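Trainee: Pasting a structure below so you can have a look.
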Amino acid sequence: MTTPLAAKIAREYGTPCAVIDMDRVERNIARVQVACDKAGVANRPHIKTHKSPMLAQMQIAGGAKGITCQKIGEAEVMADAGIDDILISYNLLGEEKMARLAALQAKANMTVAADNSVVVADLPKAAAASGRTLNVVVECDTGRKRAGVETPDEAIALAREIAASKGLKFAGFMLYPTETGWAEAQKFYDEALAGVRTHGLDAAMVSTGGSPNLINLGKLKGATEHRPGTYIYNDRMQVAAGVASWDDCALNIYSTVVSRAGPDRGILDAGSKTLTSDPGGGLDGYGLILEHPEAKIARFAEEHGFLDLARSNTRPNVGDVVRIVPNHVCVVVNMMDEVVMVRGEEIVGVLPVAARGKLR
């Protein structure tokens, strides 16, 4: 069954279409800001989820102290919009990126992360070209085995290296503990902090992340800020993690059923180029269809979403427009040039995804 709003969106914009509920967006911004304030940590939201200066400015107006970006391209879009407190939580390397980082330093107060000496050796070039001291945090691996130094001793050594580099300032530590690894993260941080203090340094900035860890907000003694991102929209992963409800999921993909060639199967016009093939940490299928929650988006072609309706008590008809909560909303948004904004049953505008595709 197609809702009146879904019919209107399909008629005016076509499908597949990304639609955000601005009332839910505003509630999510307010809810997490209250949680950060209550935990005594600043909120530094990660814009990789929405990639929109307007939404970043809404987060700052709601109390966030600044933003987090993953790539320079994202930070450039945000700085051009007037946002002036930006953390790039990613290793930056090479002459091209140092030139761009120097230009950013002229527009905004920048902090960057580093987890190795090669990165640290490059960063003074950006500081020199900008004529400003560059803040650098040491990224610490506290269990995810992604980026980050693996031991407190390595963190201490890299902090000293940063502090000894012309134009750089050791600003503190950046961590992304696993959801169950906060005791281990505390031990790592305590040892690293004690170590840098013996060398006359301190950690003014201690940044934890992300949205799945909102259940652990404030658990790290000494943390000064938190970097949640997905919370502004939420998705199936956040619901599965227990940090959001379906009513908190602010972005849906509106998709049309274009084929029902068999009683237990169907085809959506949203394939891997819309919903992406991200499994969402082992979730069953590739999105939740709100109108048919027992149905399974089982697999994809580029423009085909294959429906398995064997377990579904209700089955869509050809032409029905359904609403899908994605597994992982961040990668879905990066597929979109724009999103449609709604309030209740009314369309209120179109929002460009300004930092879409900024992968470098």
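Chain identifiers are assigned as A, B, and so on, following the order in which chains appear in the structure tokens; residues are numbered from 1 within each chain, and ligands are numbered from 1 in order of appearance.
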Could you please write out, as a VMD selection string, every residue of stretch 189-349 of chain A that DSSP assigns to strand (DSSP E)?
Mentor: chain A and resid 205 to 209 225 to 227 251 to 262 265 to 268 288 to 289 296 to 300 305 to 308 321 to 325 338 to 343 346 to 349
Trainee: What's the 6 Å shell around A:Leu87, counting only C-alpha atoms, without same-chain residues fewer than 3 positions away, as a ChimeraX atom specification?
Mentor: /A:68,110-112
Trainee: Would you kindly return, as a list of chain:residue names, each protein, DNA or RNA residue with an atom no farther than 12 Å from any atom of A:Asp85, considering only C-alpha atoms and excluding same-chain residues fewer than 4 positions away?
Mentor: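 Everything that qualifies: A:Asn43, A:Arg44, A:Pro45, A:Ala56, A:Gln57, A:Ile60, A:Ala64, A:Lys65, A:Gly66, A:Ile67, A:Thr68, A:Cys69, A:Ala75, A:Glu76, A:Met78, A:Ala79, A:Ala81, A:Leu104, A:Gln105, A:Ala106, A:Lys107, A:Ala108, A:Asn109, A:Met110, A:Thr111, A:Val112, A:Asn135.
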Trainee: Print the selection's residues with C-alpha atoms to a file, as a PDB file, in the first residue's frame.
Mentor:
ATOM      1  CA  ASN A  43      29.606  16.992  21.170  1.00  0.00           C
ATOM      2  CA  ARG A  44      31.707  16.964  17.993  1.00  0.00           C
ATOM      3  CA  PRO A  45      29.409  15.280  15.443  1.00  0.00           C
ATOM      4  CA  ALA A  56      26.145  20.646  10.488  1.00  0.00           C
ATOM      5  CA  GLN A  57      25.130  24.207  11.292  1.00  0.00           C
ATOM      6  CA  ILE A  60      26.309  23.494  16.112  1.00  0.00           C
ATOM      7  CA  ALA A  64      27.865  21.029  19.292  1.00  0.00           C
ATOM      8  CA  LYS A  65      31.333  22.536  19.782  1.00  0.00           C
ATOM      9  CA  GLY A  66      32.559  21.762  16.286  1.00  0.00           C
ATOM     10  CA  ILE A  67      32.504  18.947  13.755  1.00  0.00           C
ATOM     11  CA  THR A  68      34.448  15.894  12.661  1.00  0.00           C
ATOM     12  CA  CYS A  69      35.293  15.146   9.030  1.00  0.00           C
ATOM     13  CA  ALA A  75      36.307  19.725   5.580  1.00  0.00           C
ATOM     14  CA  GLU A  76      36.689  22.108   2.642  1.00  0.00           C
ATOM     15  CA  MET A  78      32.241  22.706   5.708  1.00  0.00           C
ATOM     16  CA  ALA A  79      34.847  25.469   6.070  1.00  0.00           C
ATOM     17  CA  ALA A  81      30.131  27.280   4.777  1.00  0.00           C
ATOM     18  CA  LEU A 104      41.980  25.175   5.323  1.00  0.00           C
ATOM     19  CA  GLN A 105      44.045  26.517   8.216  1.00  0.00           C
ATOM     20  CA  ALA A 106      43.457  30.019   6.849  1.00  0.00           C
ATOM     21  CA  LYS A 107      39.680  29.532   7.148  1.00  0.00           C
ATOM     22  CA  ALA A 108      39.171  27.384  10.229  1.00  0.00           C
ATOM     23  CA  ASN A 109      40.727  26.100  13.420  1.00  0.00           C
ATOM     24  CA  MET A 110      41.939  22.676  12.329  1.00  0.00           C
ATOM     25  CA  THR A 111      42.936  19.579  14.276  1.00  0.00           C
ATOM     26  CA  VAL A 112      44.175  16.466  12.515  1.00  0.00           C
ATOM     27  CA  ASN A 135      46.920  20.807  16.402  1.00  0.00           C
TER      28      ASN A 135
END
Trainee: Residues of stretch 157-260 of chain A within 12 Å of stretch 288-296 of chain A: nearest atom pair and distance (Å, one decimal) for each, counting only C-alpha atoms, sorted by chain and number, as JSON lines?
Mentor:
{"residue": "A:Asp235", "atom": "CA", "partner": "A:Leu288", "partner_atom": "CA", "distance": 9.3}
{"residue": "A:Arg236", "atom": "CA", "partner": "A:Leu288", "partner_atom": "CA", "distance": 7.4}
{"residue": "A:Met237", "atom": "CA", "partner": "A:Leu288", "partner_atom": "CA", "distance": 10.9}
{"residue": "A:Val239", "atom": "CA", "partner": "A:Leu288", "partner_atom": "CA", "distance": 11.1}
{"residue": "A:Ala240", "atom": "CA", "partner": "A:Leu288", "partner_atom": "CA", "distance": 11.9}
{"residue": "A:Trp246", "atom": "CA", "partner": "A:Leu290", "partner_atom": "CA", "distance": 9.3}
{"residue": "A:Asp247", "atom": "CA", "partner": "A:Leu290", "partner_atom": "CA", "distance": 11.1}
{"residue": "A:Cys249", "atom": "CA", "partner": "A:Leu288", "partner_atom": "CA", "distance": 11.1}
{"residue": "A:Leu251", "atom": "CA", "partner": "A:Leu288", "partner_atom": "CA", "distance": 11.9}
{"residue": "A:Asn252", "atom": "CA", "partner": "A:Leu290", "partner_atom": "CA", "distance": 9.3}
{"residue": "A:Ile253", "atom": "CA", "partner": "A:Ile289", "partner_atom": "CA", "distance": 9.3}
{"residue": "A:Tyr254", "atom": "CA", "partner": "A:Ile289", "partner_atom": "CA", "distance": 9.6}
{"residue": "A:Ser255", "atom": "CA", "partner": "A:Ile289", "partner_atom": "CA", "distance": 9.6}
{"residue": "A:Thr256", "atom": "CA", "partner": "A:Ile289", "partner_atom": "CA", "distance": 11.5}
{"residue": "A:Val257", "atom": "CA", "partner": "A:Ile289", "partner_atom": "CA", "distance": 11.5}
Trainee: Which residues, written as a PDB file with N, CA, C and O atoms, in the first residue's frame, have at least one atom at most 10 Å from A:Val137, with only C-alpha atoms counted and residues fewer than 6 positions away on the same chain left out?
Mentor:
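After the write, part30.pdb holds the following:
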ATOM      1  N   LEU A  87      37.792  18.833  13.176  1.00  0.00           N
ATOM      2  CA  LEU A  87      38.741  17.731  13.363  1.00  0.00           C
ATOM      3  C   LEU A  87      38.682  16.829  12.139  1.00  0.00           C
ATOM      4  O   LEU A  87      37.589  16.388  11.751  1.00  0.00           O
ATOM      5  N   ILE A  88      39.825  16.568  11.531  1.00  0.00           N
ATOM      6  CA  ILE A  88      39.900  15.550  10.484  1.00  0.00           C
ATOM      7  C   ILE A  88      40.468  14.295  11.134  1.00  0.00           C
ATOM      8  O   ILE A  88      41.633  14.262  11.530  1.00  0.00           O
ATOM      9  N   SER A  89      39.628  13.293  11.252  1.00  0.00           N
ATOM     10  CA  SER A  89      39.978  12.099  12.035  1.00  0.00           C
ATOM     11  C   SER A  89      40.606  11.013  11.172  1.00  0.00           C
ATOM     12  O   SER A  89      40.225   9.847  11.240  1.00  0.00           O
ATOM     13  N   THR A 111      42.223  20.615  13.541  1.00  0.00           N
ATOM     14  CA  THR A 111      42.936  19.579  14.276  1.00  0.00           C
ATOM     15  C   THR A 111      42.952  18.353  13.376  1.00  0.00           C
ATOM     16  O   THR A 111      41.951  18.047  12.719  1.00  0.00           O
ATOM     17  N   VAL A 112      44.084  17.672  13.329  1.00  0.00           N
ATOM     18  CA  VAL A 112      44.175  16.466  12.515  1.00  0.00           C
ATOM     19  C   VAL A 112      44.682  15.320  13.377  1.00  0.00           C
ATOM     20  O   VAL A 112      45.301  15.521  14.425  1.00  0.00           O
ATOM     21  N   ALA A 113      44.412  14.095  12.915  1.00  0.00           N
ATOM     22  CA  ALA A 113      44.853  12.898  13.625  1.00  0.00           C
ATOM     23  C   ALA A 113      46.060  12.287  12.925  1.00  0.00           C
ATOM     24  O   ALA A 113      46.233  12.437  11.702  1.00  0.00           O
ATOM     25  N   ALA A 114      46.868  11.580  13.689  1.00  0.00           N
ATOM     26  CA  ALA A 114      48.016  10.865  13.131  1.00  0.00           C
ATOM     27  C   ALA A 114      48.265   9.619  13.963  1.00  0.00           C
ATOM     28  O   ALA A 114      48.060   9.620  15.181  1.00  0.00           O
ATOM     29  N   ASP A 115      48.718   8.551  13.295  1.00  0.00           N
ATOM     30  CA  ASP A 115      49.080   7.345  14.049  1.00  0.00           C
ATOM     31  C   ASP A 115      50.438   6.795  13.660  1.00  0.00           C
ATOM     32  O   ASP A 115      50.785   5.677  14.044  1.00  0.00           O
ATOM     33  N   ALA A 155      51.925   5.506  21.646  1.00  0.00           N
ATOM     34  CA  ALA A 155      51.207   6.781  21.736  1.00  0.00           C
ATOM     35  C   ALA A 155      52.077   7.859  22.366  1.00  0.00           C
ATOM     36  O   ALA A 155      52.105   9.006  21.898  1.00  0.00           O
ATOM     37  N   LEU A 158      54.820   8.921  19.876  1.00  0.00           N
ATOM     38  CA  LEU A 158      54.323   9.752  18.776  1.00  0.00           C
ATOM     39  C   LEU A 158      53.931  11.138  19.284  1.00  0.00           C
ATOM     40  O   LEU A 158      54.143  12.145  18.589  1.00  0.00           O
ATOM     41  N   ALA A 159      53.391  11.216  20.488  1.00  0.00           N
ATOM     42  CA  ALA A 159      53.074  12.521  21.069  1.00  0.00           C
ATOM     43  C   ALA A 159      54.328  13.368  21.223  1.00  0.00           C
ATOM     44  O   ALA A 159      54.324  14.577  20.915  1.00  0.00           O
ATOM     45  N   ILE A 162      55.370  14.622  17.805  1.00  0.00           N
ATOM     46  CA  ILE A 162      54.531  15.754  17.381  1.00  0.00           C
ATOM     47  C   ILE A 162      54.989  17.032  18.076  1.00  0.00           C
ATOM     48  O   ILE A 162      55.177  18.079  17.433  1.00  0.00           O
ATOM     49  N   LYS A 169      51.468  21.076  17.376  1.00  0.00           N
ATOM     50  CA  LYS A 169      51.175  21.020  18.804  1.00  0.00           C
ATOM     51  C   LYS A 169      50.484  19.699  19.111  1.00  0.00           C
ATOM     52  O   LYS A 169      49.500  19.341  18.452  1.00  0.00           O
ATOM     53  N   PHE A 170      51.013  18.977  20.096  1.00  0.00           N
ATOM     54  CA  PHE A 170      50.330  17.772  20.550  1.00  0.00           C
ATOM     55  C   PHE A 170      49.071  18.196  21.288  1.00  0.00           C
ATOM     56  O   PHE A 170      49.120  18.864  22.316  1.00  0.00           O
ATOM     57  N   ALA A 171      47.910  17.796  20.739  1.00  0.00           N
ATOM     58  CA  ALA A 171      46.633  18.273  21.278  1.00  0.00           C
ATOM     59  C   ALA A 171      45.943  17.262  22.167  1.00  0.00           C
ATOM     60  O   ALA A 171      45.052  17.625  22.942  1.00  0.00           O
ATOM     61  N   GLY A 172      46.321  15.964  22.044  1.00  0.00           N
ATOM     62  CA  GLY A 172      45.669  14.967  22.873  1.00  0.00           C
ATOM     63  C   GLY A 172      45.526  13.637  22.163  1.00  0.00           C
ATOM     64  O   GLY A 172      46.342  13.284  21.298  1.00  0.00           O
ATOM     65  N   PHE A 173      44.472  12.904  22.506  1.00  0.00           N
ATOM     66  CA  PHE A 173      44.280  11.548  21.995  1.00  0.00           C
ATOM     67  C   PHE A 173      42.893  11.407  21.373  1.00  0.00           C
ATOM     68  O   PHE A 173      41.916  12.009  21.823  1.00  0.00           O
ATOM     69  N   MET A 174      42.824  10.567  20.364  1.00  0.00           N
ATOM     70  CA  MET A 174      41.554  10.222  19.728  1.00  0.00           C
ATOM     71  C   MET A 174      41.375   8.710  19.804  1.00  0.00           C
ATOM     72  O   MET A 174      42.255   7.947  19.402  1.00  0.00           O
ATOM     73  N   LEU A 175      40.215   8.285  20.321  1.00  0.00           N
ATOM     74  CA  LEU A 175      39.949   6.862  20.512  1.00  0.00           C
ATOM     75  C   LEU A 175      38.577   6.514  19.938  1.00  0.00           C
ATOM     76  O   LEU A 175      37.684   7.349  19.884  1.00  0.00           O
ATOM     77  N   ALA A 203      47.108  16.221  27.651  1.00  0.00           N
ATOM     78  CA  ALA A 203      46.109  15.929  26.633  1.00  0.00           C
ATOM     79  C   ALA A 203      44.891  16.808  26.877  1.00  0.00           C
ATOM     80  O   ALA A 203      43.996  16.452  27.647  1.00  0.00           O
ATOM     81  N   ALA A 204      44.855  17.967  26.222  1.00  0.00           N
ATOM     82  CA  ALA A 204      43.719  18.865  26.389  1.00  0.00           C
ATOM     83  C   ALA A 204      42.476  18.331  25.694  1.00  0.00           C
ATOM     84  O   ALA A 204      41.355  18.638  26.092  1.00  0.00           O
ATOM     85  N   MET A 205      42.676  17.516  24.671  1.00  0.00           N
ATOM     86  CA  MET A 205      41.571  16.981  23.880  1.00  0.00           C
ATOM     87  C   MET A 205      41.619  15.455  23.944  1.00  0.00           C
ATOM     88  O   MET A 205      42.620  14.837  23.590  1.00  0.00           O
ATOM     89  N   VAL A 206      40.556  14.859  24.430  1.00  0.00           N
ATOM     90  CA  VAL A 206      40.449  13.393  24.483  1.00  0.00           C
ATOM     91  C   VAL A 206      39.097  13.048  23.866  1.00  0.00           C
ATOM     92  O   VAL A 206      38.046  13.257  24.477  1.00  0.00           O
ATOM     93  N   SER A 207      39.150  12.555  22.638  1.00  0.00           N
ATOM     94  CA  SER A 207      37.957  12.421  21.815  1.00  0.00           C
ATOM     95  C   SER A 207      37.588  10.955  21.652  1.00  0.00           C
ATOM     96  O   SER A 207      38.399  10.140  21.220  1.00  0.00           O
TER      97      SER A 207
END
